[in-house]
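J.: Dropping in data-v8.cif, with mmCIF, C-alpha atoms.
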```
data_final
#
loop_
_atom_site.label_atom_id
_atom_site.label_comp_id
_atom_site.auth_asym_id
_atom_site.auth_seq_id
_atom_site.Cartn_x
_atom_site.Cartn_y
_atom_site.Cartn_z
CA MET A 8 0.00 0.00 0.00
CA ASN A 9 1.34 3.44 -0.97
CA SER A 10 1.65 6.22 1.57
CA PRO A 11 -0.54 9.26 0.94
CA GLY A 12 2.51 11.29 -0.13
CA THR A 13 3.59 8.64 -2.60
CA GLU A 14 0.08 8.37 -4.02
CA ILE A 15 -0.18 12.15 -4.50
CA SER A 16 3.29 12.20 -6.06
CA GLU A 17 2.19 9.50 -8.54
CA LEU A 18 -1.03 11.39 -9.27
CA LEU A 19 0.99 14.53 -9.99
CA ALA A 20 3.27 12.59 -12.34
CA ARG A 21 0.25 11.20 -14.21
CA THR A 22 -1.37 14.65 -14.26
CA ALA A 23 1.81 15.99 -15.88
CA LEU A 24 1.13 13.47 -18.66
CA ARG A 25 -2.41 14.95 -19.02
CA ASP A 26 -4.15 11.97 -17.39
CA ARG A 27 -7.61 13.39 -16.60
CA ALA A 28 -8.58 10.48 -14.34
CA ALA A 29 -5.45 11.02 -12.25
CA PHE A 30 -6.22 14.74 -12.07
CA ARG A 31 -9.77 14.01 -10.87
CA THR A 32 -8.42 11.69 -8.20
CA LEU A 33 -5.78 14.26 -7.19
CA TYR A 34 -8.53 16.85 -6.85
CA GLY A 35 -10.64 14.49 -4.74
CA ARG A 36 -7.72 13.71 -2.41
CA THR A 37 -6.38 17.25 -1.97
CA SER A 38 -9.13 19.82 -2.61
CA ALA A 39 -10.39 19.94 0.99
CA LYS A 40 -6.92 20.70 2.35
CA LEU A 41 -6.16 23.27 -0.34
CA PHE A 42 -9.55 24.91 0.15
CA GLY A 43 -8.70 25.34 3.84
CA VAL A 44 -5.41 27.00 2.93
CA VAL A 45 -7.05 29.28 0.35
CA LEU A 46 -9.92 30.22 2.66
CA ARG A 47 -7.56 30.99 5.53
CA ILE A 48 -5.58 33.40 3.33
CA LEU A 49 -8.43 35.08 1.42
CA ARG A 50 -11.03 35.06 4.26
CA ASP A 51 -13.95 35.08 1.83
CA ARG A 52 -15.71 31.85 0.92
CA SER A 53 -16.85 32.76 -2.59
CA GLU A 54 -13.46 34.24 -3.48
CA ALA A 55 -11.79 31.14 -2.03
CA GLU A 56 -13.96 28.85 -4.16
CA GLU A 57 -13.04 30.79 -7.29
CA ALA A 58 -9.37 30.85 -6.34
CA LEU A 59 -9.37 27.09 -5.71
CA GLN A 60 -10.54 26.49 -9.29
CA GLU A 61 -7.74 28.72 -10.56
CA VAL A 62 -5.23 26.85 -8.37
CA TYR A 63 -6.23 23.53 -9.92
CA VAL A 64 -5.88 25.01 -13.41
CA LYS A 65 -2.33 25.99 -12.45
CA ILE A 66 -1.69 22.51 -11.05
CA TRP A 67 -2.93 20.98 -14.33
CA GLN A 68 -0.67 23.30 -16.33
CA ARG A 69 2.40 23.00 -14.07
CA ALA A 70 2.29 19.44 -12.74
CA ASP A 71 5.43 18.67 -14.74
CA ARG A 72 7.35 21.16 -12.56
CA TYR A 73 6.96 19.03 -9.45
CA VAL A 74 10.14 17.05 -8.83
CA ALA A 75 9.40 13.87 -6.85
CA GLY A 76 11.58 13.47 -3.78
CA SER A 77 12.62 17.13 -3.58
CA TYR A 78 9.91 17.84 -1.02
CA SER A 79 6.48 16.48 -0.19
CA PRO A 80 3.87 16.72 -2.95
CA ILE A 81 1.33 18.18 -0.54
CA SER A 82 3.84 20.95 0.31
CA TRP A 83 4.22 21.68 -3.40
CA LEU A 84 0.40 21.86 -3.84
CA VAL A 85 0.05 24.11 -0.79
CA ALA A 86 2.82 26.38 -2.16
CA VAL A 87 0.98 26.70 -5.49
CA ALA A 88 -2.26 27.57 -3.65
CA ARG A 89 -0.56 29.95 -1.25
CA ASN A 90 1.32 31.80 -3.98
CA HIS A 91 -1.84 32.13 -6.05
CA CYS A 92 -3.72 33.62 -3.08
CA LEU A 93 -0.90 36.04 -2.32
CA ASP A 94 -0.99 37.16 -5.96
CA ARG A 95 -4.74 37.76 -5.63
CA LEU A 96 -4.21 39.78 -2.46
CA ARG A 97 -1.54 41.91 -4.14
CA ALA A 98 -3.85 42.52 -7.10
CA ARG A 99 -6.52 44.00 -4.87
CA LYS A 100 -6.63 47.78 -4.83
CA PRO A 101 -4.98 49.15 -1.74
CA LEU A 102 -7.46 50.49 0.79
CA ALA A 103 -5.74 53.88 0.67
CA ASP A 104 -6.71 54.24 -3.02
CA GLU A 105 -10.33 53.54 -2.15
CA LEU A 106 -10.23 56.13 0.64
CA ASP A 107 -8.71 58.72 -1.69
CA ALA A 108 -11.45 58.04 -4.23
CA ALA A 109 -14.08 58.42 -1.50
CA LEU A 110 -12.81 61.91 -0.76
CA GLU A 111 -13.71 62.93 -4.32
CA VAL A 112 -17.34 61.80 -3.93
CA ALA A 113 -19.59 64.76 -3.35
CA ASP A 114 -21.39 64.80 -0.02
CA LYS A 115 -25.01 65.71 -0.63
CA ALA A 116 -25.54 66.66 3.01
CA PRO A 117 -25.41 70.36 3.77
CA ASP A 118 -22.18 71.74 5.13
CA PRO A 119 -22.20 73.42 8.57
CA GLU A 120 -22.86 76.88 7.10
CA GLN A 121 -25.75 75.60 5.00
CA SER A 122 -27.15 73.79 8.04
CA ALA A 123 -27.02 76.97 10.09
CA VAL A 124 -28.75 78.98 7.35
CA ALA A 125 -31.38 76.25 6.90
CA GLY A 126 -31.94 76.15 10.66
CA SER A 127 -32.37 79.90 10.72
CA GLU A 128 -34.79 79.77 7.75
CA ARG A 129 -36.75 76.94 9.38
CA SER A 130 -37.03 79.00 12.54
CA ARG A 131 -38.29 82.03 10.56
CA ILE A 132 -40.84 79.90 8.70
CA GLU A 133 -42.10 78.36 11.94
CA THR A 134 -42.41 81.85 13.46
CA CYS A 135 -44.40 83.06 10.46
CA LEU A 136 -46.59 79.94 10.48
CA GLY A 137 -47.25 80.63 14.15
CA ALA A 138 -48.66 84.03 13.20
CA LEU A 139 -51.41 82.34 11.12
CA ASP A 140 -54.63 80.94 12.54
CA ALA A 141 -54.03 77.38 13.79
CA ASP A 142 -56.31 75.78 11.16
CA LYS A 143 -54.71 77.73 8.32
CA ALA A 144 -51.17 76.95 9.51
CA ASP A 145 -52.14 73.26 9.76
CA ALA A 146 -53.55 73.38 6.21
CA VAL A 147 -50.32 74.96 4.87
CA ARG A 148 -48.21 72.30 6.61
CA GLY A 149 -50.52 69.59 5.30
CA ALA A 150 -50.41 70.84 1.70
CA TYR A 151 -46.75 71.81 1.40
CA LEU A 152 -44.95 69.63 3.90
CA ASP A 153 -47.10 66.50 4.15
CA GLY A 154 -48.34 66.41 0.54
CA TYR A 155 -52.09 66.34 1.18
CA SER A 156 -54.33 67.34 -1.73
CA TYR A 157 -56.70 70.29 -1.50
CA ASP A 158 -59.63 67.84 -1.41
CA GLU A 159 -58.11 65.92 1.51
CA LEU A 160 -57.45 69.13 3.43
CA ALA A 161 -60.96 70.47 2.76
CA GLU A 162 -62.43 67.25 4.08
CA ARG A 163 -60.05 67.18 7.06
CA HIS A 164 -60.96 70.75 8.07
CA SER A 165 -64.65 70.36 7.13
CA VAL A 166 -64.67 73.30 4.70
CA PRO A 167 -65.63 73.53 1.03
CA LEU A 168 -62.86 72.97 -1.53
CA ASN A 169 -62.90 76.61 -2.74
CA THR A 170 -62.60 77.82 0.86
CA MET A 171 -59.51 75.61 1.31
CA ARG A 172 -57.96 77.06 -1.84
CA THR A 173 -58.62 80.57 -0.54
CA TRP A 174 -57.12 79.70 2.87
CA LEU A 175 -53.95 78.37 1.27
CA ARG A 176 -53.56 81.28 -1.20
CA ARG A 177 -54.07 83.93 1.51
CA SER A 178 -51.86 82.04 3.97
CA LEU A 179 -49.03 81.88 1.45
CA LEU A 180 -49.33 85.62 0.81
CA LYS A 181 -49.10 86.27 4.58
CA LEU A 182 -46.10 83.94 4.83
CA ARG A 183 -44.35 85.74 1.98
CA GLU A 184 -44.95 89.12 3.68
CA CYS A 185 -43.71 87.80 7.00
CA LEU A 186 -40.59 86.20 5.51
CA SER A 187 -39.64 89.25 3.44
CA ALA A 188 -39.96 91.58 6.46
#
```
Can you turn what I pasted into structure tokens?
T.:
Amino acid sequence: MNSPGTEISELLARTALRDRAAFRTLYGRTSAKLFGVVLRILRDRSEAEEALQEVYVKIWQRADRYVAGSYSPISWLVAVARNHCLDRLRARKPLADELDAALEVADKAPDPEQSAVAGSERSRIETCLGALDADKADAVRGAYLDGYSYDELAERHSVPLNTMRTWLRRSLLKLRECLSA
């Protein structure tokens, strides 16, 4: 009975001769161990699965480079897997590049000055809304802040539709006067 190392060495030699059955057997005997190595280095299961396929393509293409007796065949397979993973890691964009790119992305949030101005404007609007009758201020908020239709507001305030339109038009005129003062 052959030792596991001898068997893998023979499978590598037959794989070098393009023996597909030997390659399938080699894969069956070694893929779990190599997957563990690849996963430990890459730390991402789907990337590790993809990398493992690439490792076995390299093994198929380079099996003739393994020299029996120089070192264990499993060590050679692990070195192929490890080197492939390290190449993948090097190929990744450095995190610093991603951070630099993020600095160029426009921030849609207001800057501190804009926030202060908006806060001041909001305060002025609330003050002017406070000067209106409570029902009319509520109707303005409902129409322009909450998106209610004129019909919905008329029903909500139990007034005819034309009355609601008049309330809103006159309230907006009062707000404009108040805000421009």
J.: Between atom CA of Asp158 of chain A and atom CA of Arg172 of chain A, what distance in Å does the model show, to one decimal?
T.: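 Taking atom CA of Asp158 of chain A as the start and atom CA of Arg172 of chain A as the end point, the length is 9.4 Å.
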J.: Evaluate the PyMOL selection byres ((chain A and resi 43) around 12) here and jot the selected residues down as a ChimeraX atom specification.
T.: /A:37-42,44-52,55-56,58-59,85,88-89,92
J.: Out of A:Gly137, A:Gly154, A:Gly76, A:Pro167, which residue has the shortest atom-to-atom distance to Ser16 of chain A when counting only C-alpha atoms?
T.: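 Closest candidate: A:Gly76.
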J.: Residues near Tyr73 of chain A, anyone? I mean within 8 Å using only C-alpha atoms, not counting same-chain ones fewer than 6 positions away, as a list in words.
T.: Leu19, Ala20, Pro80 and Trp83 of chain A
J.: Measure the distance from atom CA of Leu139 of chain A to atom CA of Met171 of chain A in Å and round it to one decimal.
T.: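 One can read the atom CA of Leu139 of chain A to atom CA of Met171 of chain A distance as 14.4 Å.
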J.: What separation in Å, quoted to one decimal, exists between atom CA of Glu54 of chain A and atom CA of Arg95 of chain A?
T.: 9.6 Å
